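First up is the structure itself, then whatever we jot down about it.
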Amino acid sequence: MVPALILAWAPLAGAEPPPESPAARSMFRYFTGSDHIGVRSLMGDYTMPVRDNAALSVHWNNERVHIPAISAVAGSQEAIDAITTASRPIAGNAFQDFVKVRNEFQGALSSGNRALEYYLSTESDYLGQQLTARYDKDYQDELLNVAIGTSYGWDAIMPANDTDTNTGDDKKTTLHWNVVATRVMAPTTVVRAGVEYNIVRGLQHNPYRNVYAGGTNVAERHPDARQRRDLFLKLNQYLSNRSSIKFNYRLYNDDWGITSHEIGSNLNQYISQGLFVRWDYRYYTQTSADFYRPEYPTIDGIDGYRTGDYRMGVLSSHLFGAAVNVSLADLVPDHHLWRRLGVSVNYERYFNNNNYSANIVETALDFRF
């Protein structure tokens, strides 16, 4: 079971500042899993007008990840298996708690149908940066909107000293393009379709993970270049009984040999004013990468590449979900305290063909001021 708690503070609906005034929002989120990995996030958003219809928005996130020490006996097979598949620095400290802090910043300047964004993420062993530009335009009496976007990301990877993998400093770049069209088909029907294309170069494997190959443990190695493309289709339909249904499909393919299909849907239903429920389902299936093997007979792997990531293999998964959302502002609008609260409970059941399953329970308390 994986529980999570979210506390959020935001302006009260109906008491929000006018569009020409600055607005702020903050959120505290804590996530913990059955394996005792904990993630604490403190987030904030701030938006202010700069002139005419232009606005400047800032987002920041301070995140602290805590991974408990390996509890198996040193030298045992259980400890060896845990260490060689770790996704963290493992040399000399696998039997101690590991803590990583990540700081994230995102700034965006938007004006009408144009926007320019800068993204920065810093960790002790990773520095990620990205520039994004977006533009959209309406057609057919504003029934059709076409948006185009592009981004360029450059990452500096500085693995901690790790004598098991001996991976030195490296880098990765990502060039991205997308085109998205949104069409209002009827007052209750909206369709969206889009295509995305990415060119990724540089280090793309986990620098802390080893692979059992040729009878020994060797460092994981993925190709340094990858072309990723996908197309998606979404349908949003409002139903007459105060409910709505959404369908989405995504087709993905890359030059590593992976082709995937994802189908999802969710149904939203109002029970009463201020109370609604949601049901979700998602199915995902993919082929394996050309260089993936359950076992490698030699340390050379396949053409020099080898992976310990099960997500590079054949994979299929199901996710079922249900959620209840309560807005006390709608149920007791005259109460000075309760009208500021919102509560939600979300449950998800995930399982895949690799004998992995998870129950995820997320509760959120939203306090507005």
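Ordering of the structure tokens sets the chain letters (A, B, ...), residue numbers begin anew at 1 in every chain, and ligands are numbered from 1 in the order given.
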- Task: Please identify all polymer residues within 7 Å of stretch 219-233 of chain A, counting only C-alpha atoms, omitting same-chain residues fewer than 5 positions from it, and present them as a ChimeraX atom specification.
- Result: /A:165,192-206,209-211,248-256,305-308
- Pick out each residue of stretch 116-360 of chain A that DSSP on the backbone tags as helix (DSSP H, G or I); I need them as a PyMOL selection string. chain A and resi 310-312+328-331+338-340
- Task: Once DSSP has gone over the backbone, tell me which residues of stretch 177-364 of chain A are in strand (DSSP E), as number ranges by chain.
- Result: A: 177-186, 189-202, 210-213, 216-219, 225-239, 243-254, 259-272, 275-286, 315-327, 341-352, 357-364
- Message: Using only C-alpha atoms for the distances, tell me which of A:Arg340, A:Arg64, A:Arg282, A:Arg114 is nearest to A:Phe247.
- Response: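 Among A:Arg340, A:Arg64, A:Arg282, A:Arg114, it is A:Arg282 that comes nearest to A:Phe247.
Once A:Tyr139 and its same-chain neighbours fewer than 4 positions away are set aside, Leu143, Leu144, Asn145, Val146, Ala147, Ala181, Thr182, Arg183 and Val184 of chain A remain within 12 Å of it when counting only C-alpha atoms.
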For C-alpha atoms, I'd like the residues from the last selection saved as a tab-separated table (two decimals), in the first residue's frame.
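And here's selection35.tsv as it stands now:
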chain	number	residue	atom	x	y	z
A	143	LEU	CA	-13.70	26.51	-32.98
A	144	LEU	CA	-10.24	25.24	-33.94
A	145	ASN	CA	-7.01	26.02	-32.13
A	146	VAL	CA	-3.60	24.96	-33.48
A	147	ALA	CA	-0.57	25.15	-31.20
A	181	ALA	CA	-4.89	20.77	-32.73
A	182	THR	CA	-8.00	21.22	-30.55
A	183	ARG	CA	-11.44	21.28	-32.21
A	184	VAL	CA	-14.81	22.05	-30.65
- Message: What's around A:Pro22 at 7 Å? Count only C-alpha atoms, leave out sequence neighbours fewer than 3 positions away in its own chain, and write the answer as a VMD selection string.
- Response: chain A and resid 47 to 49
Would you put the residues from that selection into a file with C-alpha atoms, as a compact mmCIF listing (two decimals), in the first residue's frame?
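What ended up in again17.txt:
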# COMPACT_ATOMS: atom_id res chain seq x y z
CA THR A 47 1.83 35.03 -11.34
CA MET A 48 1.89 38.74 -12.01
CA PRO A 49 0.93 40.98 -14.93
- A:Ser327 surroundings by only C-alpha atoms, 10 Å radius, close-in-sequence under 3 positions cut, as a ChimeraX atom specification: /A:273-276,330-333,338-344,366
